[in-house]
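Chemist: Got a file for you: final.pdb, PDB, C-alpha atoms, pLDDT in the B column.
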MODEL        1
ATOM      1  CA  MET A   1       8.446 -42.045 -63.636  1.00 88.00           C
ATOM      2  CA  LYS A   2       8.900 -38.298 -63.118  1.00 89.00           C
ATOM      3  CA  THR A   3       5.139 -37.865 -62.784  1.00 92.00           C
ATOM      4  CA  LEU A   4       4.892 -40.824 -60.406  1.00 94.00           C
ATOM      5  CA  LEU A   5       7.701 -39.688 -58.112  1.00 93.00           C
ATOM      6  CA  TRP A   6       6.985 -35.967 -57.956  1.00 95.00           C
ATOM      7  CA  GLY A   7       3.321 -35.706 -58.940  1.00 94.00           C
ATOM      8  CA  VAL A   8       1.693 -38.760 -57.368  1.00 95.00           C
ATOM      9  CA  LEU A   9       3.753 -40.016 -54.415  1.00 95.00           C
ATOM     10  CA  PRO A  10       3.533 -36.720 -52.481  1.00 95.00           C
ATOM     11  CA  TYR A  11      -0.267 -36.964 -52.465  1.00 96.00           C
ATOM     12  CA  VAL A  12      -0.143 -40.653 -51.544  1.00 96.00           C
ATOM     13  CA  ALA A  13       2.039 -39.777 -48.544  1.00 95.00           C
ATOM     14  CA  PHE A  14      -0.307 -36.943 -47.556  1.00 96.00           C
ATOM     15  CA  VAL A  15      -3.408 -39.141 -47.837  1.00 96.00           C
ATOM     16  CA  LEU A  16      -1.767 -41.834 -45.704  1.00 96.00           C
ATOM     17  CA  LEU A  17      -0.826 -39.188 -43.143  1.00 95.00           C
ATOM     18  CA  VAL A  18      -4.347 -37.765 -42.840  1.00 95.00           C
ATOM     19  CA  ALA A  19      -6.159 -41.101 -43.098  1.00 95.00           C
ATOM     20  CA  GLY A  20      -3.779 -42.688 -40.591  1.00 93.00           C
ATOM     21  CA  ILE A  21      -4.312 -39.904 -38.071  1.00 93.00           C
ATOM     22  CA  VAL A  22      -8.097 -40.189 -38.408  1.00 93.00           C
ATOM     23  CA  TRP A  23      -7.960 -43.977 -38.095  1.00 92.00           C
ATOM     24  CA  ARG A  24      -5.718 -43.874 -35.007  1.00 90.00           C
ATOM     25  CA  TYR A  25      -7.953 -41.278 -33.362  1.00 89.00           C
ATOM     26  CA  ARG A  26     -11.144 -43.245 -34.002  1.00 89.00           C
ATOM     27  CA  TYR A  27      -9.991 -46.801 -33.418  1.00 88.00           C
ATOM     28  CA  ASP A  28      -6.729 -46.674 -31.439  1.00 86.00           C
ATOM     29  CA  LYS A  29      -7.007 -43.841 -28.922  1.00 80.00           C
ATOM     30  CA  PHE A  30      -5.382 -45.945 -26.200  1.00 80.00           C
ATOM     31  CA  GLY A  31      -2.456 -46.611 -28.525  1.00 79.00           C
ATOM     32  CA  TRP A  32      -1.997 -42.902 -29.272  1.00 80.00           C
ATOM     33  CA  THR A  33       1.017 -42.604 -27.019  1.00 76.00           C
ATOM     34  CA  THR A  34       4.797 -42.538 -26.967  1.00 75.00           C
ATOM     35  CA  ARG A  35       4.801 -45.707 -24.833  1.00 74.00           C
ATOM     36  CA  SER A  36       7.176 -44.002 -22.434  1.00 74.00           C
ATOM     37  CA  SER A  37       9.873 -46.233 -20.963  1.00 76.00           C
ATOM     38  CA  GLN A  38      11.177 -43.734 -18.404  1.00 75.00           C
ATOM     39  CA  VAL A  39      10.137 -46.055 -15.581  1.00 75.00           C
ATOM     40  CA  TYR A  40      12.819 -48.533 -16.739  1.00 75.00           C
ATOM     41  CA  GLU A  41      15.677 -46.044 -17.130  1.00 76.00           C
ATOM     42  CA  SER A  42      15.855 -42.264 -16.781  1.00 81.00           C
ATOM     43  CA  LYS A  43      19.478 -41.083 -16.526  1.00 86.00           C
ATOM     44  CA  LEU A  44      20.390 -41.615 -20.181  1.00 88.00           C
ATOM     45  CA  LEU A  45      16.877 -40.681 -21.283  1.00 87.00           C
ATOM     46  CA  ASN A  46      17.189 -37.282 -19.585  1.00 89.00           C
ATOM     47  CA  VAL A  47      20.154 -36.524 -21.858  1.00 90.00           C
ATOM     48  CA  ALA A  48      19.109 -38.208 -25.100  1.00 90.00           C
ATOM     49  CA  SER A  49      15.443 -37.167 -25.208  1.00 89.00           C
ATOM     50  CA  PRO A  50      16.011 -33.364 -25.080  1.00 91.00           C
ATOM     51  CA  MET A  51      18.760 -33.660 -27.713  1.00 92.00           C
ATOM     52  CA  PHE A  52      16.468 -35.632 -29.989  1.00 92.00           C
ATOM     53  CA  HIS A  53      13.412 -33.403 -29.556  1.00 91.00           C
ATOM     54  CA  TYR A  54      15.235 -30.066 -29.831  1.00 92.00           C
ATOM     55  CA  GLY A  55      17.174 -31.368 -32.823  1.00 92.00           C
ATOM     56  CA  ILE A  56      14.091 -32.570 -34.682  1.00 92.00           C
ATOM     57  CA  LEU A  57      12.279 -29.314 -33.873  1.00 92.00           C
ATOM     58  CA  PHE A  58      15.098 -27.200 -35.337  1.00 93.00           C
ATOM     59  CA  VAL A  59      15.310 -29.467 -38.399  1.00 93.00           C
ATOM     60  CA  LEU A  60      11.550 -29.228 -38.946  1.00 92.00           C
ATOM     61  CA  VAL A  61      11.535 -25.429 -38.649  1.00 92.00           C
ATOM     62  CA  GLY A  62      14.484 -25.204 -41.044  1.00 91.00           C
ATOM     63  CA  HIS A  63      12.655 -27.310 -43.630  1.00 92.00           C
ATOM     64  CA  LEU A  64       9.472 -25.268 -43.312  1.00 93.00           C
ATOM     65  CA  VAL A  65      11.367 -22.007 -43.774  1.00 91.00           C
ATOM     66  CA  GLY A  66      13.462 -23.340 -46.651  1.00 89.00           C
ATOM     67  CA  LEU A  67      10.530 -24.816 -48.557  1.00 91.00           C
ATOM     68  CA  PHE A  68       7.714 -22.372 -47.908  1.00 92.00           C
ATOM     69  CA  VAL A  69       9.421 -18.975 -47.503  1.00 90.00           C
ATOM     70  CA  PRO A  70      10.267 -17.791 -51.056  1.00 88.00           C
ATOM     71  CA  GLU A  71      13.746 -16.523 -51.801  1.00 86.00           C
ATOM     72  CA  SER A  72      12.315 -13.141 -52.824  1.00 86.00           C
ATOM     73  CA  TRP A  73      10.899 -12.674 -49.308  1.00 88.00           C
ATOM     74  CA  THR A  74      14.221 -13.174 -47.556  1.00 86.00           C
ATOM     75  CA  GLU A  75      15.975 -10.901 -50.050  1.00 85.00           C
ATOM     76  CA  LYS A  76      13.458  -8.142 -49.311  1.00 86.00           C
ATOM     77  CA  VAL A  77      14.458  -8.181 -45.645  1.00 86.00           C
ATOM     78  CA  GLY A  78      18.143  -8.027 -46.559  1.00 84.00           C
ATOM     79  CA  VAL A  79      19.104 -11.716 -46.356  1.00 84.00           C
ATOM     80  CA  LYS A  80      21.094 -12.555 -49.486  1.00 85.00           C
ATOM     81  CA  GLU A  81      21.347 -16.092 -50.842  1.00 82.00           C
ATOM     82  CA  HIS A  82      24.961 -16.499 -49.665  1.00 82.00           C
ATOM     83  CA  THR A  83      24.011 -15.486 -46.122  1.00 85.00           C
ATOM     84  CA  TYR A  84      21.041 -17.821 -46.175  1.00 85.00           C
ATOM     85  CA  HIS A  85      23.228 -20.630 -47.490  1.00 84.00           C
ATOM     86  CA  LEU A  86      25.754 -20.206 -44.663  1.00 85.00           C
ATOM     87  CA  PHE A  87      23.022 -20.054 -42.032  1.00 87.00           C
ATOM     88  CA  SER A  88      21.350 -23.123 -43.512  1.00 87.00           C
ATOM     89  CA  LEU A  89      24.659 -24.983 -43.773  1.00 87.00           C
ATOM     90  CA  TYR A  90      25.962 -24.377 -40.256  1.00 90.00           C
ATOM     91  CA  GLY A  91      22.635 -24.173 -38.456  1.00 91.00           C
ATOM     92  CA  GLY A  92      21.162 -27.169 -40.265  1.00 89.00           C
ATOM     93  CA  THR A  93      24.303 -29.240 -39.749  1.00 91.00           C
ATOM     94  CA  ALA A  94      24.378 -28.430 -36.028  1.00 93.00           C
ATOM     95  CA  ALA A  95      20.689 -29.334 -35.658  1.00 93.00           C
ATOM     96  CA  GLY A  96      21.220 -32.538 -37.644  1.00 92.00           C
ATOM     97  CA  ILE A  97      24.198 -33.575 -35.516  1.00 93.00           C
ATOM     98  CA  MET A  98      22.196 -32.922 -32.344  1.00 94.00           C
ATOM     99  CA  LEU A  99      19.322 -34.994 -33.686  1.00 93.00           C
ATOM    100  CA  VAL A 100      21.532 -37.879 -34.812  1.00 93.00           C
ATOM    101  CA  LEU A 101      23.435 -37.983 -31.513  1.00 95.00           C
ATOM    102  CA  GLY A 102      20.193 -37.941 -29.553  1.00 93.00           C
ATOM    103  CA  MET A 103      18.777 -40.723 -31.715  1.00 93.00           C
ATOM    104  CA  LEU A 104      21.924 -42.836 -31.388  1.00 94.00           C
ATOM    105  CA  LEU A 105      21.811 -42.477 -27.606  1.00 93.00           C
ATOM    106  CA  LEU A 106      18.142 -43.471 -27.614  1.00 91.00           C
ATOM    107  CA  LEU A 107      18.932 -46.494 -29.788  1.00 91.00           C
ATOM    108  CA  TYR A 108      21.829 -47.467 -27.497  1.00 92.00           C
ATOM    109  CA  ARG A 109      19.550 -47.175 -24.468  1.00 90.00           C
ATOM    110  CA  ARG A 110      16.820 -49.164 -26.184  1.00 88.00           C
ATOM    111  CA  ARG A 111      19.208 -51.943 -27.217  1.00 88.00           C
ATOM    112  CA  THR A 112      21.122 -52.283 -23.948  1.00 89.00           C
ATOM    113  CA  ASN A 113      18.144 -52.050 -21.584  1.00 86.00           C
ATOM    114  CA  ALA A 114      16.213 -55.313 -21.716  1.00 87.00           C
ATOM    115  CA  PRO A 115      12.766 -54.011 -20.604  1.00 85.00           C
ATOM    116  CA  VAL A 116      13.009 -51.075 -23.015  1.00 84.00           C
ATOM    117  CA  PHE A 117      14.066 -53.355 -25.868  1.00 86.00           C
ATOM    118  CA  ARG A 118      11.155 -55.714 -25.201  1.00 84.00           C
ATOM    119  CA  ALA A 119       8.778 -52.747 -25.514  1.00 79.00           C
ATOM    120  CA  THR A 120      10.142 -51.941 -28.987  1.00 82.00           C
ATOM    121  CA  THR A 121       7.784 -52.822 -31.836  1.00 83.00           C
ATOM    122  CA  SER A 122       8.552 -53.539 -35.479  1.00 86.00           C
ATOM    123  CA  ASN A 123       7.036 -50.181 -36.408  1.00 85.00           C
ATOM    124  CA  ASP A 124       9.443 -48.468 -34.009  1.00 84.00           C
ATOM    125  CA  LYS A 125      12.431 -50.135 -35.664  1.00 88.00           C
ATOM    126  CA  LEU A 126      11.215 -49.117 -39.126  1.00 91.00           C
ATOM    127  CA  MET A 127      10.548 -45.572 -37.922  1.00 90.00           C
ATOM    128  CA  TYR A 128      14.061 -45.209 -36.479  1.00 90.00           C
ATOM    129  CA  LEU A 129      15.587 -46.534 -39.710  1.00 93.00           C
ATOM    130  CA  VAL A 130      13.623 -44.198 -42.001  1.00 94.00           C
ATOM    131  CA  LEU A 131      14.049 -41.160 -39.737  1.00 93.00           C
ATOM    132  CA  LEU A 132      17.791 -41.716 -39.370  1.00 92.00           C
ATOM    133  CA  GLY A 133      18.089 -42.269 -43.117  1.00 93.00           C
ATOM    134  CA  ALA A 134      16.211 -39.057 -43.918  1.00 93.00           C
ATOM    135  CA  ILE A 135      18.365 -36.950 -41.586  1.00 93.00           C
ATOM    136  CA  VAL A 136      21.687 -38.440 -42.662  1.00 93.00           C
ATOM    137  CA  LEU A 137      20.810 -38.153 -46.355  1.00 93.00           C
ATOM    138  CA  GLY A 138      19.837 -34.514 -45.866  1.00 91.00           C
ATOM    139  CA  MET A 139      23.120 -33.727 -44.122  1.00 92.00           C
ATOM    140  CA  VAL A 140      25.165 -35.576 -46.737  1.00 92.00           C
ATOM    141  CA  ALA A 141      23.355 -33.811 -49.572  1.00 91.00           C
ATOM    142  CA  LYS A 142      23.927 -30.420 -47.931  1.00 89.00           C
ATOM    143  CA  LEU A 143      27.600 -31.023 -47.145  1.00 89.00           C
ATOM    144  CA  THR A 144      28.283 -32.514 -50.584  1.00 89.00           C
ATOM    145  CA  HIS A 145      27.093 -29.290 -52.224  1.00 83.00           C
ATOM    146  CA  ALA A 146      28.553 -26.907 -49.612  1.00 78.00           C
ATOM    147  CA  SER A 147      31.201 -25.186 -51.737  1.00 75.00           C
ATOM    148  CA  GLY A 148      30.556 -21.607 -52.817  1.00 69.00           C
ATOM    149  CA  ASP A 149      26.879 -20.764 -52.519  1.00 68.00           C
ATOM    150  CA  GLY A 150      26.000 -24.454 -52.485  1.00 77.00           C
ATOM    151  CA  TYR A 151      22.980 -25.853 -54.289  1.00 85.00           C
ATOM    152  CA  ASN A 152      20.105 -23.374 -54.225  1.00 86.00           C
ATOM    153  CA  TYR A 153      17.180 -25.717 -53.623  1.00 89.00           C
ATOM    154  CA  ARG A 154      14.889 -22.710 -53.186  1.00 88.00           C
ATOM    155  CA  GLU A 155      14.864 -22.333 -56.969  1.00 89.00           C
ATOM    156  CA  SER A 156      13.753 -25.916 -57.643  1.00 92.00           C
ATOM    157  CA  ILE A 157      12.647 -28.072 -54.702  1.00 93.00           C
ATOM    158  CA  ALA A 158      10.911 -25.267 -52.816  1.00 93.00           C
ATOM    159  CA  PRO A 159       8.718 -24.101 -55.758  1.00 94.00           C
ATOM    160  CA  TRP A 160       7.881 -27.748 -56.479  1.00 95.00           C
ATOM    161  CA  ALA A 161       6.813 -28.278 -52.849  1.00 94.00           C
ATOM    162  CA  ARG A 162       4.630 -25.164 -52.918  1.00 94.00           C
ATOM    163  CA  SER A 163       3.081 -26.199 -56.232  1.00 94.00           C
ATOM    164  CA  LEU A 164       1.755 -29.354 -54.560  1.00 94.00           C
ATOM    165  CA  PHE A 165      -0.610 -27.252 -52.464  1.00 93.00           C
ATOM    166  CA  THR A 166      -2.124 -25.676 -55.571  1.00 92.00           C
ATOM    167  CA  LEU A 167      -2.869 -29.175 -56.925  1.00 92.00           C
ATOM    168  CA  GLN A 168      -0.721 -28.343 -59.939  1.00 92.00           C
ATOM    169  CA  PRO A 169       2.620 -30.058 -59.203  1.00 91.00           C
ATOM    170  CA  ASP A 170       5.416 -28.713 -61.373  1.00 92.00           C
ATOM    171  CA  THR A 171       7.309 -31.979 -61.753  1.00 93.00           C
ATOM    172  CA  GLY A 172       9.729 -30.443 -64.239  1.00 92.00           C
ATOM    173  CA  LEU A 173      11.394 -28.494 -61.418  1.00 92.00           C
ATOM    174  CA  MET A 174      12.753 -31.743 -59.968  1.00 92.00           C
ATOM    175  CA  ALA A 175      14.407 -32.864 -63.202  1.00 89.00           C
ATOM    176  CA  GLY A 176      17.758 -31.184 -62.561  1.00 86.00           C
ATOM    177  CA  VAL A 177      17.868 -31.658 -58.781  1.00 91.00           C
ATOM    178  CA  PRO A 178      20.962 -33.559 -57.544  1.00 92.00           C
ATOM    179  CA  VAL A 179      20.333 -37.233 -56.867  1.00 93.00           C
ATOM    180  CA  LEU A 180      21.066 -36.991 -53.136  1.00 93.00           C
ATOM    181  CA  TYR A 181      18.414 -34.316 -52.721  1.00 93.00           C
ATOM    182  CA  GLN A 182      15.943 -36.426 -54.693  1.00 94.00           C
ATOM    183  CA  ILE A 183      16.577 -39.482 -52.504  1.00 95.00           C
ATOM    184  CA  HIS A 184      16.280 -37.310 -49.402  1.00 94.00           C
ATOM    185  CA  ALA A 185      12.894 -36.055 -50.615  1.00 94.00           C
ATOM    186  CA  LEU A 186      11.642 -39.589 -51.323  1.00 95.00           C
ATOM    187  CA  VAL A 187      12.709 -40.866 -47.896  1.00 95.00           C
ATOM    188  CA  GLY A 188      11.080 -37.801 -46.353  1.00 94.00           C
ATOM    189  CA  MET A 189       7.796 -38.667 -48.058  1.00 95.00           C
ATOM    190  CA  ALA A 190       8.066 -42.224 -46.742  1.00 95.00           C
ATOM    191  CA  LEU A 191       8.575 -40.827 -43.248  1.00 94.00           C
ATOM    192  CA  ILE A 192       5.487 -38.620 -43.570  1.00 94.00           C
ATOM    193  CA  ALA A 193       3.425 -41.654 -44.569  1.00 94.00           C
ATOM    194  CA  LEU A 194       4.750 -43.664 -41.596  1.00 93.00           C
ATOM    195  CA  VAL A 195       4.082 -41.031 -38.922  1.00 92.00           C
ATOM    196  CA  PRO A 196       0.484 -42.088 -38.051  1.00 91.00           C
ATOM    197  CA  PHE A 197       1.498 -45.728 -37.591  1.00 89.00           C
ATOM    198  CA  THR A 198       4.392 -45.128 -35.187  1.00 88.00           C
ATOM    199  CA  ARG A 199       4.992 -43.410 -31.872  1.00 86.00           C
ATOM    200  CA  LEU A 200       5.655 -40.191 -33.819  1.00 87.00           C
ATOM    201  CA  ILE A 201       1.866 -39.752 -33.771  1.00 87.00           C
ATOM    202  CA  HIS A 202       2.274 -38.014 -30.407  1.00 84.00           C
ATOM    203  CA  MET A 203       3.500 -34.877 -32.204  1.00 84.00           C
ATOM    204  CA  PHE A 204      -0.170 -34.153 -32.939  1.00 84.00           C
ATOM    205  CA  SER A 205      -1.065 -34.266 -29.249  1.00 81.00           C
ATOM    206  CA  ALA A 206       0.465 -31.008 -28.084  1.00 70.00           C
ATOM    207  CA  PRO A 207      -1.271 -29.925 -24.838  1.00 69.00           C
ATOM    208  CA  VAL A 208      -2.594 -26.702 -26.338  1.00 70.00           C
ATOM    209  CA  GLN A 209      -5.559 -26.737 -23.936  1.00 71.00           C
ATOM    210  CA  TYR A 210      -3.146 -26.039 -21.082  1.00 69.00           C
ATOM    211  CA  LEU A 211      -2.781 -22.492 -22.406  1.00 71.00           C
ATOM    212  CA  PHE A 212      -6.480 -21.842 -21.858  1.00 77.00           C
ATOM    213  CA  ARG A 213      -7.267 -23.843 -18.715  1.00 73.00           C
ATOM    214  CA  PRO A 214      -8.387 -21.890 -15.624  1.00 74.00           C
ATOM    215  CA  TYR A 215      -5.880 -20.962 -12.979  1.00 72.00           C
ATOM    216  CA  VAL A 216      -5.325 -23.290 -10.056  1.00 70.00           C
ATOM    217  CA  VAL A 217      -5.821 -21.287  -6.845  1.00 66.00           C
ATOM    218  CA  TYR A 218      -3.443 -21.993  -3.983  1.00 64.00           C
ATOM    219  CA  ARG A 219      -4.109 -20.610  -0.502  1.00 63.00           C
ATOM    220  CA  SER A 220      -1.315 -20.068   1.984  1.00 60.00           C
ATOM    221  CA  ARG A 221      -1.550 -21.390   5.508  1.00 61.00           C
ATOM    222  CA  ASP A 222      -1.992 -19.162   8.499  1.00 60.00           C
ATOM    223  CA  PRO A 223       1.560 -18.943   9.914  1.00 59.00           C
ATOM    224  CA  ARG A 224       0.119 -18.990  13.446  1.00 60.00           C
ATOM    225  CA  ARG A 225      -1.394 -22.420  12.843  1.00 58.00           C
ATOM    226  CA  VAL A 226       1.517 -24.089  11.065  1.00 55.00           C
ATOM    227  CA  GLY A 227       2.779 -27.223  12.768  1.00 55.00           C
ATOM    228  CA  ALA A 228       1.325 -29.973  14.859  1.00 55.00           C
ATOM    229  CA  ARG A 229      -1.735 -29.218  16.941  1.00 58.00           C
ATOM    230  CA  PRO A 230      -1.071 -29.356  20.665  1.00 59.00           C
ATOM    231  CA  GLU A 231      -2.428 -32.427  22.385  1.00 59.00           C
ATOM    232  CA  ARG A 232      -5.580 -32.081  24.479  1.00 60.00           C
ATOM    233  CA  ARG A 233      -6.394 -34.098  27.536  1.00 61.00           C
ATOM    234  CA  GLY A 234      -9.547 -36.125  27.599  1.00 57.00           C
ATOM    235  CA  TRP A 235     -12.274 -36.406  25.024  1.00 57.00           C
ATOM    236  CA  GLU A 236     -12.861 -33.649  22.516  1.00 59.00           C
ATOM    237  CA  LYS A 237     -16.324 -32.199  22.029  1.00 62.00           C
ATOM    238  CA  THR A 238     -18.145 -33.346  18.971  1.00 61.00           C
ATOM    239  CA  GLY A 239     -19.508 -30.714  16.623  1.00 59.00           C
ATOM    240  CA  SER A 240     -23.245 -30.303  16.311  1.00 54.00           C
TER     241      SER A 240
ENDMDL
END
For this file, write the structure as structure tokens.
Modeler:
Amino acid sequence: MKTLLWGVLPYVAFVLLVAGIVWRYRYDKFGWTTRSSQVYESKLLNVASPMFHYGILFVLVGHLVGLFVPESWTEKVGVKEHTYHLFSLYGGTAAGIMLVLGMLLLLYRRRTNAPVFRATTSNDKLMYLVLLGAIVLGMVAKLTHASGDGYNYRESIAPWARSLFTLQPDTGLMAGVPVLYQIHALVGMALIALVPFTRLIHMFSAPVQYLFRPYVVYRSRDPRRVGARPERRGWEKTGS
């Protein structure tokens, strides 16, 4: 079971992620969209959407730093484990609360607005459930082990995550990990596998080409010719 959970499932999730992205790009380009519902309602969306997107961005960056920046690196720049723990606790909790509030507002909007609710697919409902579960479980696991220096997952979960990329998963590192962290990791893998089959696929469509597109040239009007042209009497001459 230990080998299955921590040595096999991560690769299954990764294969589903890559294969799903390739499949969507080749066979479902017109479905590669967020299916925006702003045309139905925008006031609540203008509040909930930024909260959701900024929250999930901060949470993602925090996970990448926590899992793939070794503890020895942060200590070399003067960031001790206790300082990192406090930053992770307060910063991660704030980002998680922002994300959860944004998601709850989006769910409220989607449920109370009939056209938006009719545009909701079964995959969307499953995605919201798994994403909300992953975030809440992560916050609960962090807050449950918040006393003192907390649980130092950079000595167990982080090395295990990095070992996956060397194709030599050290499953033994996950043996003593608290159960809440283990469940959080499993739900996170399920979310990774679901990404290509939900509207979350749009995260791989960042408009990077906008950074390299040519400038759009605007020319100002001659101030002497601004305004309506004066009327002329009779027929105007036609150009040759």
Chemist: Spell out the residues picked by the PyMOL selection byres ((chain A and resi 190) around 12) here, as a short mmCIF file (atom, residue, chain, number, x, y, z; two decimals) with C-alpha atoms, in the frame of the given file.
Modeler:
data_model
loop_
_atom_site.label_atom_id
_atom_site.label_comp_id
_atom_site.auth_asym_id
_atom_site.auth_seq_id
_atom_site.Cartn_x
_atom_site.Cartn_y
_atom_site.Cartn_z
CA LEU A 5 7.70 -39.69 -58.11
CA LEU A 9 3.75 -40.02 -54.42
CA PRO A 10 3.53 -36.72 -52.48
CA TYR A 11 -0.27 -36.96 -52.46
CA VAL A 12 -0.14 -40.65 -51.54
CA ALA A 13 2.04 -39.78 -48.54
CA PHE A 14 -0.31 -36.94 -47.56
CA VAL A 15 -3.41 -39.14 -47.84
CA LEU A 16 -1.77 -41.83 -45.70
CA LEU A 17 -0.83 -39.19 -43.14
CA LEU A 126 11.22 -49.12 -39.13
CA MET A 127 10.55 -45.57 -37.92
CA LEU A 129 15.59 -46.53 -39.71
CA VAL A 130 13.62 -44.20 -42.00
CA LEU A 131 14.05 -41.16 -39.74
CA GLY A 133 18.09 -42.27 -43.12
CA ALA A 134 16.21 -39.06 -43.92
CA ILE A 183 16.58 -39.48 -52.50
CA HIS A 184 16.28 -37.31 -49.40
CA ALA A 185 12.89 -36.06 -50.62
CA LEU A 186 11.64 -39.59 -51.32
CA VAL A 187 12.71 -40.87 -47.90
CA GLY A 188 11.08 -37.80 -46.35
CA MET A 189 7.80 -38.67 -48.06
CA LEU A 191 8.57 -40.83 -43.25
CA ILE A 192 5.49 -38.62 -43.57
CA ALA A 193 3.42 -41.65 -44.57
CA LEU A 194 4.75 -43.66 -41.60
CA VAL A 195 4.08 -41.03 -38.92
CA PRO A 196 0.48 -42.09 -38.05
CA PHE A 197 1.50 -45.73 -37.59
#
Chemist: Check what the PyMOL selection byres ((chain A and resi 45-50) around 8) selects in the file above and give those residues as a list of chain:residue names.
Modeler: A:Gln38, A:Glu41, A:Ser42, A:Lys43, A:Leu44, A:Met51, A:Phe52, A:His53, A:Tyr54, A:Leu101, A:Gly102, A:Met103, A:Leu105, A:Leu106, A:Arg109
Chemist: Convert the output of the PyMOL selection byres ((chain A and resi 6) around 9) on the shown file into explicit residues, formatted as a list of chain:residue names.
Modeler: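 Matching residues under the PyMOL selection byres ((chain A and resi 6) around 9) are A:Met1, A:Lys2, A:Thr3, A:Leu4, A:Leu5, A:Gly7, A:Val8, A:Leu9, A:Pro10, A:Trp160, A:Pro169, A:Asp170, A:Thr171, A:Gly172, A:Met174, A:Leu186.
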Chemist: Would you mind exporting C-alpha atoms of the selected residues as a short mmCIF file (atom, residue, chain, number, x, y, z; two decimals), keeping the file's coordinate frame?
Modeler:
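Output below, filename out_35.cif:
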data_model
loop_
_atom_site.label_atom_id
_atom_site.label_comp_id
_atom_site.auth_asym_id
_atom_site.auth_seq_id
_atom_site.Cartn_x
_atom_site.Cartn_y
_atom_site.Cartn_z
CA MET A 1 8.45 -42.04 -63.64
CA LYS A 2 8.90 -38.30 -63.12
CA THR A 3 5.14 -37.86 -62.78
CA LEU A 4 4.89 -40.82 -60.41
CA LEU A 5 7.70 -39.69 -58.11
CA GLY A 7 3.32 -35.71 -58.94
CA VAL A 8 1.69 -38.76 -57.37
CA LEU A 9 3.75 -40.02 -54.42
CA PRO A 10 3.53 -36.72 -52.48
CA TRP A 160 7.88 -27.75 -56.48
CA PRO A 169 2.62 -30.06 -59.20
CA ASP A 170 5.42 -28.71 -61.37
CA THR A 171 7.31 -31.98 -61.75
CA GLY A 172 9.73 -30.44 -64.24
CA MET A 174 12.75 -31.74 -59.97
CA LEU A 186 11.64 -39.59 -51.32
#
Chemist: Have a look at A:Val216, A:Leu180, A:Met139, A:Val77 and name the one nearest to Ala94 of chain A; count all atoms listed in the file.
Modeler: A:Met139
Chemist: Could you jot down the atom CA of Leu64 of chain A to atom CA of Leu211 of chain A separation for me, Å, one decimal place?
Modeler: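 Separation between atom CA of Leu64 of chain A and atom CA of Leu211 of chain A: 24.4 Å.
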Chemist: Can you pull out every residue within 12 Å of Phe117 of chain A, counting all atoms listed in the file, but drop anything in the same chain fewer than 5 positions away, and send it as a PyMOL selection string?
Modeler: chain A and resi 37+40-41+106-112+122+124-125
Chemist: Please produce an output containing C-alpha atoms for each residue in the selection, written as a short mmCIF file (atom, residue, chain, number, x, y, z; two decimals), in the frame of the given file.
Modeler:
data_model
loop_
_atom_site.label_atom_id
_atom_site.label_comp_id
_atom_site.auth_asym_id
_atom_site.auth_seq_id
_atom_site.Cartn_x
_atom_site.Cartn_y
_atom_site.Cartn_z
CA SER A 37 9.87 -46.23 -20.96
CA TYR A 40 12.82 -48.53 -16.74
CA GLU A 41 15.68 -46.04 -17.13
CA LEU A 106 18.14 -43.47 -27.61
CA LEU A 107 18.93 -46.49 -29.79
CA TYR A 108 21.83 -47.47 -27.50
CA ARG A 109 19.55 -47.18 -24.47
CA ARG A 110 16.82 -49.16 -26.18
CA ARG A 111 19.21 -51.94 -27.22
CA THR A 112 21.12 -52.28 -23.95
CA SER A 122 8.55 -53.54 -35.48
CA ASP A 124 9.44 -48.47 -34.01
CA LYS A 125 12.43 -50.14 -35.66
#
Chemist: Go through A:Leu200, A:Ile21, A:Leu86, A:Arg213 one by one, measure the shortest atom-to-atom distance of each to His145 of chain A using only C-alpha atoms, and give the residue with the smallest value.
Modeler: A:Leu86
Chemist: Calculate how many Å separate atom CA of Ala19 of chain A from atom CA of Ile135 of chain A, rounding to one decimal.
Modeler: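 If I compute the distance from atom CA of Ala19 of chain A to atom CA of Ile135 of chain A, I get 24.9 Å.
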Chemist: How far is it from atom CA of Val39 of chain A to atom CA of Ala206 of chain A, in Å with one decimal?
Modeler: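 It comes out at 21.8 Å.
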Chemist: Compile the contact shell of Val65 of chain A as a PyMOL selection string: residues with an atom at most 12 Å away, counting all atoms listed in the file, same-chain residues fewer than 3 positions apart removed.
Modeler: chain A and resi 58-62+68-71+73-74+84+87-88+92+154+158+161-162
Chemist: Using all atoms of segment 73-82 of chain A that appear in the file, construct an axis-aligned enclosing box with 4 Å of padding on every side and provide its centre coordinates and edge lengths in Å, rounded to one decimal, as AutoDock Vina command-line options.
Modeler:
--center_x 17.9 --center_y -12.3 --center_z -48.2 --size_x 22.1 --size_y 16.5 --size_z 13.2
Chemist: With all atoms listed in the file as the basis for distance, which of A:Ile201, A:Gly150, A:Ala114, A:Tyr215 is at the shortest distance from Trp23 of chain A?
Modeler: A:Ile201
